Amino acid sequence: MVFSRVFSDPPSKSIFKTFAVMLLSILASLYFLHCLTDRCGTCIPTERRDAGPVEGFYESKLKDLGSLRRKRLLQKWTSTRPLVMRHHSLIHRLKSDSEEDLPETEADKHIFQSNVQLSNSLDVDLETGGSYFDTGKLSSLGEGSKKLPQAIIIGVKKGGTRALLEFLRVHPDIRAVGAEPHFFDRNYDNGLDWYRDLMPKTLEGQITMEKTPSYFVTREAPARICAMSRDTKLIVVVRDPVTRAISDYTQTLSKKPDIPTFESLTFKNRTTGLIDTSWSAIQIGIYAKHLDNWLQFFPMSQILFVSGERLISDPAGELGRVQDFLGLKRIITDKHFYFNQTKGFPCLKKAEGSSKPHCLGKTKGRTHPNIDPEVVQRLRDFYRPFNMKFYQMTGRKFGWDD
């Protein structure tokens, strides 16, 4: 009896239990360490570690080798360029049009039907954002693949996002979609495979980009982008919110001439001076409010704010900051720009894939209507506290209240 009680559990069973407990403890410890290294898959913003001097040295050398390899490949592809250039005007129109300049239903057709039809007939991938190199040749060489974007211009509407994208596409290590995909606000149900298929083919070392300004004010966008990749770099072009609102209204007025006046849309009650923050033209400019939403998922170190005003007065300076942020060599400099006095903003001396100067389309740089100065001042007073908070959050003064 005593013997049976002492050895009620066979020795082998006791050893197995002990082994199982030890194994589970080890696995739990490994998972804990795995999470500490920021690899659990959760979208919690963390600071990224900068590369050390040795890592940075080898990284720069690899980039130089990659750039040289791409240059040689591009030389091989230039023989096919004349065939594509015959359709230059049609492609240029397609890549220059922004969805925000078209009615929504017309824009959808324009982006997702015309692009496919033209790419099939021309054997060129128009979704690359207007590259004039034969992507059929690219595929036959076994070079390049479509990847999800590593960097996205997420805002803001009428801030200068189209200009920034066009300028960035001069860089050989940047490949971008010309049309606005609107994946993270309108087309998310289509899935990541659909989104990836819209992207241009890229070589190793190149960055895939897209721009959709409405992401910045879309509440679901930060979580969705974080779920795609928490390492995504985000770029926001911001502009004086009062000027931005007037520009927004001007664009709408050009498409709907019978809309109410800017003054009547600005106020809920003109007598009391209560601003109507439900009007999108006003709401977009409350940058601090929207940034709060993004900071729940991304650290400030992954978000770059570009000044829309400086993009006009000093495009090379702002582009330098963007290239640094993306970890790219500063290739786009003053020599790429000239100031167009008629339009009132800088243009490219040579656009991507072209030997001719290139300015943004006629829909950019519209003349603003005259707005009652009192209304403008009330708007400035309204935005001032939000601007102050935004300066504090970003650590940069944009000078809108000077």
# chains A, B, ... in the order shown; residues from 1 in each chain; ligands from 1

call {"tool": "residues_around", "arguments": {"residues": "region 365-373 of chain A", "least_positions_apart": "5", "cutoff": "8 Å", "atoms": "only C-alpha atoms", "output": "JSON list (two decimals) with C-alpha atoms, in the first residue's frame"}}
result
[["chain", "number", "residue", "atom", "x", "y", "z"],
["A", 246, "ILE", "CA", -9.57, 79.12, -50.15],
["A", 247, "SER", "CA", -7.69, 76.99, -52.69],
["A", 250, "THR", "CA", -11.56, 77.57, -55.69],
["A", 251, "GLN", "CA", -11.17, 74.04, -57.04],
["A", 262, "PHE", "CA", -16.93, 81.06, -49.46],
["A", 263, "GLU", "CA", -18.15, 83.39, -46.72],
["A", 343, "LYS", "CA", 2.19, 80.22, -63.07],
["A", 344, "GLY", "CA", 3.91, 81.58, -60.00],
["A", 345, "PHE", "CA", 5.63, 78.37, -58.96]]

call {"tool": "residues_around", "arguments": {"residues": "Thr333 (chain A)", "least_positions_apart": "6", "cutoff": "8 Å", "atoms": "only C-alpha atoms", "output": "PyMOL selection string"}}
result
chain A and resi 316-317+319-320

call {"tool": "residues_around", "arguments": {"residues": "Leu265 (chain A)", "least_positions_apart": "5", "cutoff": "12 Å", "atoms": "only C-alpha atoms", "output": "VMD selection string"}}
result
chain A and resid 245 to 246 249 259 to 260 270 273 to 282 375

call {"tool": "write_last_selection", "arguments": {"atoms": "C-alpha atoms", "output": "short mmCIF file (atom, residue, chain, number, x, y, z; two decimals), in the first residue's frame"}}
result
data_model
loop_
_atom_site.label_atom_id
_atom_site.label_comp_id
_atom_site.auth_asym_id
_atom_site.auth_seq_id
_atom_site.Cartn_x
_atom_site.Cartn_y
_atom_site.Cartn_z
CA ALA A 245 -9.21 76.38 -47.53
CA ILE A 246 -9.57 79.12 -50.15
CA TYR A 249 -13.02 76.22 -52.43
CA ILE A 259 -22.12 76.71 -55.08
CA PRO A 260 -22.64 79.23 -52.23
CA ARG A 270 -22.14 84.95 -39.69
CA GLY A 273 -18.82 84.37 -36.13
CA LEU A 274 -19.13 80.65 -35.33
CA ILE A 275 -16.96 78.68 -37.80
CA ASP A 276 -18.51 75.64 -39.46
CA THR A 277 -15.93 72.94 -38.77
CA SER A 278 -18.08 70.33 -40.50
CA TRP A 279 -17.19 71.87 -43.88
CA SER A 280 -14.31 69.77 -45.20
CA ALA A 281 -12.42 72.82 -46.50
CA ILE A 282 -12.19 74.07 -42.90
CA VAL A 375 -13.62 86.60 -43.00
#

call {"tool": "atom_distance", "arguments": {"atom1": "CA of Pro346 (chain A)", "atom2": "CA of Ser254 (chain A)"}}
result
23.1 Å

call {"tool": "residues_around", "arguments": {"residues": "region 169-175 of chain A", "least_positions_apart": "3", "cutoff": "6 Å", "atoms": "only C-alpha atoms", "output": "list of chain:residue names"}}
result
A:Glu166, A:Gln206, A:Ile207, A:Thr208, A:Glu352

call {"tool": "write_last_selection", "arguments": {"atoms": "N, CA and C atoms", "output": "PDB file, in the first residue's frame"}}
result
ATOM      1  N   GLU A 166       5.730  64.914 -58.437  1.00  0.00           N
ATOM      2  CA  GLU A 166       6.371  65.120 -59.739  1.00  0.00           C
ATOM      3  C   GLU A 166       7.860  65.416 -59.573  1.00  0.00           C
ATOM      4  N   GLN A 206      15.351  50.480 -55.011  1.00  0.00           N
ATOM      5  CA  GLN A 206      14.434  51.559 -55.352  1.00  0.00           C
ATOM      6  C   GLN A 206      13.272  51.595 -54.366  1.00  0.00           C
ATOM      7  N   ILE A 207      12.701  52.776 -54.194  1.00  0.00           N
ATOM      8  CA  ILE A 207      11.578  52.972 -53.281  1.00  0.00           C
ATOM      9  C   ILE A 207      10.282  53.098 -54.075  1.00  0.00           C
ATOM     10  N   THR A 208       9.268  52.364 -53.656  1.00  0.00           N
ATOM     11  CA  THR A 208       7.935  52.469 -54.253  1.00  0.00           C
ATOM     12  C   THR A 208       7.128  53.488 -53.455  1.00  0.00           C
ATOM     13  N   GLU A 352      10.718  63.604 -65.801  1.00  0.00           N
ATOM     14  CA  GLU A 352      11.106  62.203 -65.887  1.00  0.00           C
ATOM     15  C   GLU A 352      10.828  61.670 -67.287  1.00  0.00           C
TER      16      GLU A 352
END

call {"tool": "closest_atom_pairs", "arguments": {"of": "region 290-336 of chain A", "to": "region 388-402 of chain A", "cutoff": "12 Å", "atoms": "only C-alpha atoms", "output": "CSV"}}
result
residue,atom,partner,partner_atom,distance
A:His290,CA,A:Phe390,CA,9.9
A:Leu291,CA,A:Phe390,CA,8.2
A:Asp292,CA,A:Met393,CA,9.0
A:Trp294,CA,A:Met393,CA,11.9
A:Leu295,CA,A:Met393,CA,10.0
A:Pro299,CA,A:Thr394,CA,11.2
A:Met300,CA,A:Thr394,CA,7.6
A:Ser301,CA,A:Thr394,CA,9.9
A:Gln302,CA,A:Thr394,CA,11.6
A:Ile303,CA,A:Thr394,CA,9.2
A:Leu304,CA,A:Thr394,CA,8.9
A:Phe305,CA,A:Thr394,CA,7.8
A:Val306,CA,A:Phe398,CA,9.5
A:Ser307,CA,A:Phe398,CA,7.0
A:Gly308,CA,A:Phe398,CA,9.4
A:Glu309,CA,A:Phe398,CA,8.7
A:Arg310,CA,A:Phe398,CA,9.2

call {"tool": "write_last_selection", "arguments": {"atoms": "N, CA and C atoms", "output": "CSV table (one decimal), in the first residue's frame"}}
result
chain,number,residue,atom,x,y,z
A,290,HIS,N,-5.8,65.9,-36.7
A,290,HIS,CA,-5.6,64.8,-37.5
A,290,HIS,C,-4.3,64.1,-37.1
A,291,LEU,N,-3.2,64.9,-36.8
A,291,LEU,CA,-1.9,64.3,-36.4
A,291,LEU,C,-2.1,63.4,-35.2
A,292,ASP,N,-2.9,63.8,-34.2
A,292,ASP,CA,-3.1,63.0,-33.0
A,292,ASP,C,-3.5,61.6,-33.4
A,294,TRP,N,-2.7,59.9,-36.1
A,294,TRP,CA,-1.6,59.2,-36.7
A,294,TRP,C,-0.6,58.8,-35.7
A,295,LEU,N,-0.4,59.6,-34.6
A,295,LEU,CA,0.6,59.3,-33.6
A,295,LEU,C,0.2,58.2,-32.7
A,299,PRO,N,5.4,56.6,-34.8
A,299,PRO,CA,6.2,57.6,-34.1
A,299,PRO,C,6.5,58.8,-35.0
A,300,MET,N,6.7,60.0,-34.4
A,300,MET,CA,7.0,61.2,-35.2
A,300,MET,C,8.2,61.0,-36.1
A,301,SER,N,9.1,60.1,-35.7
A,301,SER,CA,10.3,59.9,-36.5
A,301,SER,C,10.0,59.3,-37.9
A,302,GLN,N,8.8,58.8,-38.0
A,302,GLN,CA,8.4,58.2,-39.3
A,302,GLN,C,7.5,59.1,-40.2
A,303,ILE,N,7.3,60.3,-39.7
A,303,ILE,CA,6.5,61.3,-40.4
A,303,ILE,C,7.3,62.5,-40.7
A,304,LEU,N,7.3,62.9,-42.0
A,304,LEU,CA,8.0,64.1,-42.4
A,304,LEU,C,6.9,65.2,-42.9
A,305,PHE,N,7.1,66.4,-42.4
A,305,PHE,CA,6.2,67.5,-42.8
A,305,PHE,C,6.9,68.4,-43.7
A,306,VAL,N,6.3,68.6,-44.9
A,306,VAL,CA,6.9,69.4,-45.9
A,306,VAL,C,6.1,70.7,-46.0
A,307,SER,N,6.8,71.8,-46.0
A,307,SER,CA,6.1,73.1,-46.1
A,307,SER,C,5.7,73.4,-47.6
A,308,GLY,N,4.4,73.5,-47.8
A,308,GLY,CA,3.9,73.9,-49.1
A,308,GLY,C,4.4,75.2,-49.6
A,309,GLU,N,4.6,76.2,-48.7
A,309,GLU,CA,5.1,77.5,-49.1
A,309,GLU,C,6.6,77.4,-49.5
A,310,ARG,N,7.4,76.6,-48.7
A,310,ARG,CA,8.8,76.5,-49.1
A,310,ARG,C,9.0,75.6,-50.3

call {"tool": "select_by_dssp", "arguments": {"residues": "region 253-363 of chain A", "states": "helix (DSSP H, G or I)", "output": "ChimeraX atom specification"}}
result
/A:253-255,262-266,280-283,287-294,300-302,308-313,315-325,334-336

call {"tool": "select_by_dssp", "arguments": {"residues": "region 252-311 of chain A", "states": "strand (DSSP E or B)", "output": "list of chain:residue names"}}
result
A:Phe267, A:Lys268, A:Asn269, A:Leu274, A:Ile275, A:Ile303, A:Leu304, A:Phe305, A:Val306, A:Ser307

call {"tool": "write_last_selection", "arguments": {"atoms": "N, CA and C atoms", "output": "mmCIF file, in the first residue's frame"}}
result
data_model
loop_
_atom_site.group_PDB
_atom_site.id
_atom_site.type_symbol
_atom_site.label_atom_id
_atom_site.label_comp_id
_atom_site.auth_asym_id
_atom_site.auth_seq_id
_atom_site.Cartn_x
_atom_site.Cartn_y
_atom_site.Cartn_z
ATOM 1 N N PHE A 267 -19.134 80.060 -42.181
ATOM 2 C CA PHE A 267 -19.771 80.283 -40.878
ATOM 3 C C PHE A 267 -21.068 79.487 -40.713
ATOM 4 N N LYS A 268 -21.270 78.976 -39.507
ATOM 5 C CA LYS A 268 -22.583 78.443 -39.153
ATOM 6 C C LYS A 268 -23.541 79.604 -38.947
ATOM 7 N N ASN A 269 -22.998 80.673 -38.377
ATOM 8 C CA ASN A 269 -23.777 81.889 -38.144
ATOM 9 C C ASN A 269 -22.836 83.079 -38.321
ATOM 10 N N LEU A 274 -19.413 82.058 -35.620
ATOM 11 C CA LEU A 274 -19.133 80.653 -35.333
ATOM 12 C C LEU A 274 -18.716 79.928 -36.613
ATOM 13 N N ILE A 275 -17.501 79.369 -36.622
ATOM 14 C CA ILE A 275 -16.960 78.683 -37.804
ATOM 15 C C ILE A 275 -17.595 77.306 -37.956
ATOM 16 N N ILE A 303 7.321 60.326 -39.684
ATOM 17 C CA ILE A 303 6.461 61.270 -40.400
ATOM 18 C C ILE A 303 7.256 62.529 -40.714
ATOM 19 N N LEU A 304 7.291 62.907 -41.977
ATOM 20 C CA LEU A 304 7.977 64.129 -42.395
ATOM 21 C C LEU A 304 6.949 65.156 -42.858
ATOM 22 N N PHE A 305 7.065 66.376 -42.353
ATOM 23 C CA PHE A 305 6.171 67.455 -42.753
ATOM 24 C C PHE A 305 6.907 68.406 -43.690
ATOM 25 N N VAL A 306 6.350 68.562 -44.876
ATOM 26 C CA VAL A 306 6.934 69.417 -45.912
ATOM 27 C C VAL A 306 6.137 70.708 -45.975
ATOM 28 N N SER A 307 6.820 71.827 -46.013
ATOM 29 C CA SER A 307 6.144 73.122 -46.113
ATOM 30 C C SER A 307 5.719 73.388 -47.553
#

call {"tool": "atom_distance", "arguments": {"atom1": "CA of Pro181 (chain A)", "atom2": "CA of Pro241 (chain A)"}}
result
24.8 Å

call {"tool": "residues_around", "arguments": {"residues": "Asp334 (chain A)", "least_positions_apart": "2", "cutoff": "12 Å", "atoms": "only C-alpha atoms", "output": "number ranges by chain"}}
result
A: 167, 313-320, 330-332, 336-339, 346-349

call {"tool": "closest_residue", "arguments": {"among": "A:Gln150, A:Gln377, A:Thr272, A:Gln341", "to": "Met228 (chain A)", "atoms": "only C-alpha atoms"}}
result
A:Gln150
